[in-house]
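Peer 1: Here it is, the structure, as structure tokens.
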Amino acid sequence: MNLQVRKICLLGDFSVGKTSTVRQFVESRYDEKYLTTVGVKIDTKTIHFDDRSIKLVIWDIAGTDQATPAYKSYLRGMAGYLLVADGTRPETLTAAQGLQQQLQAELGDLPWVGLLNKADLVAEWQISDAQRQELGDQWQLTSAKTGENVEQAFSTLARNLAT
Ligand code: GDP
Ligand code: MG
């Protein structure tokens with residue numbers, strides 16, 4: 001069986017749930033404790049589909065200060081990315097969309113999937129249904145807390161990375 005290895009990055013504003021999403025995906029657990037990510041944390045998980053396996057090397061990157069040389073160096077070799085926004089804070093969605101455009105301009109057409117996270121708090125969201133519909137298929141509603149759609153988001157990206 002052929003095993004492909006792909007680097008992916010979790011990108012998005014502070015506190016949107018990047019670290020929690022990776023933890024849910026890799027360890028199937030959720031932890032309320034808030035531990036600020038320092039620099040970058042790297043995890044791996046292998047996904048199997050059809051007759052293929054793809055090993056995701058997942059870079060969980062702190063912050064989005066793209067002015068820093070460190071940020072650019074983290075992205076090097078990235079095959080695709082998950083953009084994470086917090087449904088309770090619409091400005092994080094705007095920021096994620098801006099970041100996506102910038103990455104598209106700088107790095108070209110890399111596969112990506114958008115995660116509108118904290119779906120367990122959907123009753124508190126400030127994002128209207130109309131706004132959500134405008135986002136299109138590339139965005140999924142997820143919850144790192146309940147695990148809703150987390151696996152799906154990673155596997156959608158993985159399928160787009162496999163060659
Ligand atoms: P990061 O800075 O993007 O890595 O965000 P974290 O994963 O550290 O999460 C920031 C805060 O949001 C933490 O207190 C998490 O417990 C909380 N959080 C993350 N994902 C979810 C979620 O899906 N639902 C809820 N209710 N809280 C979440
Ligand atoms: Mg983090």
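The way I read the labels, and the way they are meant: chains A, B, ... in the order of the structure tokens, residue 1 as the first residue of every chain, and ligand 1 as the first ligand shown, with later ones counted on from there.
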12 Å from ligand 2 is the threshold here; counting only C-alpha atoms and all ligand atoms, which polymer residues fall inside it? Answer as JSON, numbers by chain.
Peer 2: {"A": [9, 10, 11, 12, 13, 14, 15, 16, 17, 18, 19, 20, 21, 22, 23, 33, 34, 35, 36, 37, 38, 39, 40, 41, 42, 59, 60, 61, 62, 63, 64, 84]}
Peer 1: What's the 8 Å shell around Leu157 in chain A, counting only C-alpha atoms, without same-chain residues fewer than 4 positions away, as a PyMOL selection string?
Peer 2: chain A and resi 80-82+111-113+153+161
Peer 1: Write out as a VMD selection string the residues lying within 12 Å of Val122 in chain A, counting only C-alpha atoms and excluding same-chain residues fewer than 3 positions away.
Peer 2: chain A and resid 86 to 89 116 to 119 125 to 129 132 141 to 143
Peer 1: Enumerate the residues of chain A with a DSSP assignment of strand (DSSP E), computed from the backbone, and present them as a PyMOL selection string.
Peer 2: chain A and resi 3-11+40-49+52-61+80-86+112-117+139-141
Peer 1: With only C-alpha atoms as the counted atoms, please give the residues lying no more than 10 Å from range 106-110 of chain A, apart from itself and same-chain residues fewer than 2 positions off, as a PyMOL selection string.
Peer 2: chain A and resi 75-76+78-81+100-104+112+160-161
Peer 1: Nearest to Asp43 in chain A among A:Thr94, A:Glu124, A:Asp31, A:Lys7, with distances taken over only C-alpha atoms: which residue is it?
Peer 2: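 When distances to Asp43 in chain A are compared using only C-alpha atoms, the smallest one comes from A:Lys7.
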Peer 1: Among the residues of chain A, find those DSSP assigns to helix (DSSP H, G or I) from the backbone and print them as a ChimeraX atom specification.
Peer 2: /A:18-27,69-75,90-107,119-124,129-135,150-161
